[in-house]
>>> print(open('entry08.tsv').read())   # TSV, C-alpha atoms and all ligand atoms
chain	number	residue	atom	x	y	z
A	1	MET	CA	0.66	16.17	-29.99
A	2	THR	CA	-2.63	14.75	-28.68
A	3	ARG	CA	-1.51	11.38	-29.93
A	4	ILE	CA	1.68	11.57	-27.84
A	5	VAL	CA	-0.27	12.48	-24.71
A	6	LEU	CA	-2.65	9.55	-25.30
A	7	ALA	CA	0.27	7.18	-25.79
A	8	VAL	CA	1.85	8.34	-22.52
A	9	LEU	CA	-1.46	7.89	-20.69
A	10	LEU	CA	-1.89	4.43	-22.16
A	11	VAL	CA	1.59	3.39	-21.07
A	12	ALA	CA	0.92	4.75	-17.58
A	13	MET	CA	-2.36	2.81	-17.39
A	14	LEU	CA	-0.74	-0.39	-18.59
A	15	ALA	CA	2.07	0.04	-16.07
A	16	GLY	CA	-0.54	0.45	-13.34
A	17	CYS	CA	-2.35	-2.71	-14.36
A	18	ALA	CA	0.86	-4.70	-14.62
A	19	GLY	CA	1.77	-3.54	-11.11
A	20	THR	CA	-1.46	-4.87	-9.67
A	21	ILE	CA	-1.13	-8.21	-11.40
A	22	THR	CA	2.41	-8.84	-10.17
A	23	GLY	CA	1.59	-7.67	-6.66
A	24	GLU	CA	3.79	-4.59	-6.91
A	25	ALA	CA	2.79	-0.97	-7.24
A	26	SER	CA	4.07	2.55	-6.92
A	27	ALA	CA	2.21	5.24	-5.07
A	28	PRO	CA	1.11	8.09	-7.32
A	29	ALA	CA	1.71	11.45	-5.69
A	30	ALA	CA	0.07	14.72	-6.52
A	31	PRO	CA	2.63	17.55	-6.30
A	32	GLY	CA	2.80	18.60	-2.66
A	33	GLY	CA	0.07	16.16	-1.65
A	34	PRO	CA	0.09	12.76	0.01
A	35	GLN	CA	1.01	9.62	-1.88
A	36	ARG	CA	-2.15	7.59	-2.21
A	37	VAL	CA	-2.05	3.81	-2.02
A	38	GLN	CA	-5.01	1.48	-2.34
A	39	LEU	CA	-4.80	-1.98	-0.82
A	40	GLU	CA	-7.24	-4.83	-0.68
A	41	ALA	CA	-7.29	-7.09	2.37
A	42	SER	CA	-8.76	-10.57	2.01
A	43	ASN	CA	-8.31	-14.08	3.50
A	44	PHE	CA	-5.27	-14.07	3.93
A	45	LYS	CA	-3.39	-11.57	1.88
A	46	PHE	CA	-2.93	-7.94	0.96
A	47	SER	CA	-2.99	-6.93	-2.67
A	48	PRO	CA	-0.68	-5.49	-3.80
A	49	ASN	CA	1.79	-6.64	-1.16
A	50	GLU	CA	4.72	-4.50	-2.24
A	51	VAL	CA	4.43	-0.77	-2.90
A	52	LYS	CA	7.19	1.69	-3.69
A	53	VAL	CA	6.84	5.03	-1.91
A	54	ALA	CA	8.88	8.23	-1.93
A	55	LEU	CA	10.83	9.43	1.08
A	56	GLY	CA	9.67	12.31	3.22
A	57	GLN	CA	6.17	12.59	1.82
A	58	PRO	CA	3.07	11.36	3.71
A	59	VAL	CA	1.59	8.08	2.51
A	60	GLU	CA	-2.17	7.74	2.70
A	61	VAL	CA	-3.12	4.07	2.61
A	62	SER	CA	-6.73	3.22	1.88
A	63	VAL	CA	-7.42	-0.43	2.73
A	64	THR	CA	-10.63	-2.20	1.78
A	65	ASN	CA	-11.44	-5.48	3.49
A	66	THR	CA	-13.30	-7.52	0.88
A	67	SER	CA	-13.70	-10.57	3.10
A	68	SER	CA	-16.34	-11.41	5.70
A	69	THR	CA	-13.74	-11.58	8.48
A	70	THR	CA	-12.30	-8.72	10.55
A	71	HIS	CA	-8.72	-7.94	9.58
A	72	ASN	CA	-6.20	-5.25	10.52
A	73	ILE	CA	-3.38	-3.29	8.99
A	74	THR	CA	-0.37	-2.37	11.07
A	75	VAL	CA	2.59	-0.49	9.59
A	76	LEU	CA	6.08	-0.70	11.08
A	77	ASN	CA	9.10	1.46	10.39
A	78	PRO	CA	12.41	-0.17	9.35
A	79	GLN	CA	13.35	-0.47	13.05
A	80	GLY	CA	10.15	-2.41	13.77
A	81	ASN	CA	8.31	0.37	15.62
A	82	ARG	CA	4.59	0.73	15.01
A	83	LEU	CA	3.67	3.78	12.90
A	84	ALA	CA	-0.01	3.14	12.27
A	85	SER	CA	-2.64	0.50	12.94
A	86	ALA	CA	-6.33	0.12	12.17
A	87	ASP	CA	-8.83	-2.70	12.45
A	88	LEU	CA	-10.73	-3.46	9.25
A	89	PRO	CA	-14.28	-4.69	9.82
A	90	ALA	CA	-15.69	-6.96	7.11
A	91	GLY	CA	-16.47	-4.96	4.00
A	92	ALA	CA	-15.07	-1.71	5.42
A	93	THR	CA	-12.48	0.71	4.09
A	94	ARG	CA	-10.10	2.43	6.51
A	95	ILE	CA	-7.31	4.93	5.91
A	96	VAL	CA	-3.99	4.87	7.73
A	97	THR	CA	-1.20	7.37	7.13
A	98	PHE	CA	2.49	7.42	7.85
A	99	THR	CA	5.52	9.31	6.56
A	100	PRO	CA	8.62	7.36	5.57
A	101	THR	CA	11.44	9.47	6.99
A	102	ALA	CA	14.26	7.04	6.20
A	103	ALA	CA	14.94	4.79	3.24
A	104	GLY	CA	14.11	1.18	3.87
A	105	ARG	CA	11.37	-1.40	4.16
A	106	TYR	CA	8.21	-0.57	6.07
A	107	LYS	CA	6.49	-3.84	6.80
A	108	PHE	CA	2.71	-3.99	7.00
A	109	TYR	CA	0.69	-6.91	8.31
A	110	CYS	CA	-2.59	-8.01	9.85
A	111	ASP	CA	-2.26	-8.31	13.64
A	112	LYS	CA	-5.09	-10.86	14.01
A	113	PHE	CA	-3.78	-14.10	15.46
A	114	GLY	CA	-2.01	-16.20	12.84
A	115	HIS	CA	-3.01	-14.06	9.86
A	116	SER	CA	0.46	-12.73	9.01
A	117	THR	CA	1.79	-16.28	9.16
A	118	LEU	CA	-0.88	-17.25	6.63
A	119	GLY	CA	0.37	-14.54	4.29
A	120	MET	CA	-1.23	-11.30	5.42
A	121	SER	CA	1.84	-9.14	5.17
A	122	GLY	CA	3.67	-6.94	2.74
A	123	GLN	CA	5.97	-3.96	2.58
A	124	PHE	CA	6.29	-0.39	1.52
A	125	VAL	CA	9.70	0.27	0.05
A	126	ALA	CA	10.90	3.85	0.55
A	127	GLU	CA	13.61	5.05	-1.77
A	128	ALA	CA	15.06	8.48	-2.30
A	129	LYS	CA	13.83	9.93	-5.61
B	201	CU	CU	-6.28	-10.66	8.93
>>> encode(input="entry08.tsv", output="structure tokens")
Amino acid sequence: MTRIVLAVLLVAMLAGCAGTITGEASAPAAPGGPQRVQLEASNFKFSPNEVKVALGQPVEVSVTNTSSTTHNITVLNPQGNRLASADLPAGATRIVTFTPTAAGRYKFYCDKFGHSTLGMSGQFVAEAK
């Protein structure tokens, strides 16, 4: 029994690692709690840059800027309206939250001039469970 639990944990851990390497991830959600996502902002990308999230449950995004330049994270809904935005001073971690209320792609990007063009963008993909 213990062995089965360990095997399941190992698979979950491997899946998590694989997600980070490929630039994709899913947000783990505690029952009834927010879905927590960790992103790293650097020159000039977000990692991971694609994260699956569940519909109708708040998403708490913790972004750490590991570069020595100020960045930003801005989250848009599928219609292109701004849901959340925060500047990220060099070395700082900031949390932004939003709730995906409709299935679709929620783009996120850095609003500093030219940064999204250089690759500082990604998306949250909200799908019904
Ligand atoms: Cu930036």
>>> residues_near_point(input="entry08.tsv", point="(-9.0, -4.0, 11.6)", cutoff="8 Å", atoms="all atoms listed in the file", output="PDB file with C-alpha atoms, in the frame of the given file")
ATOM      1  CA  THR A  70     -12.300  -8.720  10.550  1.00  0.00           C
ATOM      2  CA  HIS A  71      -8.720  -7.940   9.580  1.00  0.00           C
ATOM      3  CA  ASN A  72      -6.200  -5.250  10.520  1.00  0.00           C
ATOM      4  CA  ILE A  73      -3.380  -3.290   8.990  1.00  0.00           C
ATOM      5  CA  SER A  85      -2.640   0.500  12.940  1.00  0.00           C
ATOM      6  CA  ALA A  86      -6.330   0.120  12.170  1.00  0.00           C
ATOM      7  CA  ASP A  87      -8.830  -2.700  12.450  1.00  0.00           C
ATOM      8  CA  LEU A  88     -10.730  -3.460   9.250  1.00  0.00           C
ATOM      9  CA  PRO A  89     -14.280  -4.690   9.820  1.00  0.00           C
ATOM     10  CA  CYS A 110      -2.590  -8.010   9.850  1.00  0.00           C
TER      11      CYS A 110
END
>>> closest_atom_pairs(input="entry08.tsv", of="chain A", to="ligand CU 201 (chain B)", cutoff="10 Å", atoms="all atoms listed in the file", output="Markdown table")
| residue | atom | partner | partner_atom | distance |
| --- | --- | --- | --- | --- |
| A:Ala41 | CA | B:CU201 | CU | 7.5 |
| A:Ser42 | CA | B:CU201 | CU | 7.4 |
| A:Asn43 | CA | B:CU201 | CU | 6.7 |
| A:Phe44 | CA | B:CU201 | CU | 6.1 |
| A:Lys45 | CA | B:CU201 | CU | 7.7 |
| A:Phe46 | CA | B:CU201 | CU | 9.1 |
| A:Asn65 | CA | B:CU201 | CU | 9.1 |
| A:Ser67 | CA | B:CU201 | CU | 9.4 |
| A:Thr69 | CA | B:CU201 | CU | 7.5 |
| A:Thr70 | CA | B:CU201 | CU | 6.5 |
| A:His71 | CA | B:CU201 | CU | 3.7 |
| A:Asn72 | CA | B:CU201 | CU | 5.6 |
| A:Ile73 | CA | B:CU201 | CU | 7.9 |
| A:Asp87 | CA | B:CU201 | CU | 9.1 |
| A:Leu88 | CA | B:CU201 | CU | 8.5 |
| A:Tyr109 | CA | B:CU201 | CU | 7.9 |
| A:Cys110 | CA | B:CU201 | CU | 4.6 |
| A:Asp111 | CA | B:CU201 | CU | 6.6 |
| A:Lys112 | CA | B:CU201 | CU | 5.2 |
| A:Phe113 | CA | B:CU201 | CU | 7.8 |
| A:Gly114 | CA | B:CU201 | CU | 8.0 |
| A:His115 | CA | B:CU201 | CU | 4.8 |
| A:Ser116 | CA | B:CU201 | CU | 7.1 |
| A:Thr117 | CA | B:CU201 | CU | 9.8 |
| A:Leu118 | CA | B:CU201 | CU | 8.8 |
| A:Gly119 | CA | B:CU201 | CU | 9.0 |
| A:Met120 | CA | B:CU201 | CU | 6.2 |
| A:Ser121 | CA | B:CU201 | CU | 9.1 |
>>> atom_distance(input="entry08.tsv", atom1="CA of Ser62 (chain A)", atom2="CA of Thr97 (chain A)")
8.7 Å
>>> closest_residue(input="entry08.tsv", among="A:Ala92, A:Gln123, A:Gly56, A:Glu24", to="Val75 (chain A)", atoms="only C-alpha atoms")
A:Gln123
>>> atom_distance(input="entry08.tsv", atom1="CA of Ser68 (chain A)", atom2="CA of Glu40 (chain A)")
12.9 Å
>>> atom_distance(input="entry08.tsv", atom1="CA of Glu50 (chain A)", atom2="CA of Val125 (chain A)")
7.3 Å
>>> closest_residue(input="entry08.tsv", among="A:Val96, A:Arg105, A:Gly122, A:Val63", to="Gly80 (chain A)", atoms="all atoms listed in the file")
A:Arg105
>>> residues_around(input="entry08.tsv", residues="Val53 (chain A)", least_positions_apart="2", cutoff="7 Å", atoms="all atoms listed in the file", output="number ranges by chain")
A: 26-27, 51, 55, 124-127
>>> closest_residue(input="entry08.tsv", among="A:Ser47, A:Gln57, A:Thr74, A:Gln35", to="Pro100 (chain A)", atoms="all atoms listed in the file")
A:Gln57
>>> residues_around(input="entry08.tsv", residues="region 58-61 of chain A", least_positions_apart="4", cutoff="6 Å", atoms="all atoms listed in the file", output="JSON, numbers by chain")
{"A": [34, 35, 36, 37, 38, 95, 96, 97, 98, 99]}
>>> write_last_selection(input="entry08.tsv", atoms="C-alpha atoms", output="PDB file, keeping the file's coordinate frame")
ATOM      1  CA  PRO A  34       0.090  12.760   0.010  1.00  0.00           C
ATOM      2  CA  GLN A  35       1.010   9.620  -1.880  1.00  0.00           C
ATOM      3  CA  ARG A  36      -2.150   7.590  -2.210  1.00  0.00           C
ATOM      4  CA  VAL A  37      -2.050   3.810  -2.020  1.00  0.00           C
ATOM      5  CA  GLN A  38      -5.010   1.480  -2.340  1.00  0.00           C
ATOM      6  CA  ILE A  95      -7.310   4.930   5.910  1.00  0.00           C
ATOM      7  CA  VAL A  96      -3.990   4.870   7.730  1.00  0.00           C
ATOM      8  CA  THR A  97      -1.200   7.370   7.130  1.00  0.00           C
ATOM      9  CA  PHE A  98       2.490   7.420   7.850  1.00  0.00           C
ATOM     10  CA  THR A  99       5.520   9.310   6.560  1.00  0.00           C
TER      11      THR A  99
END
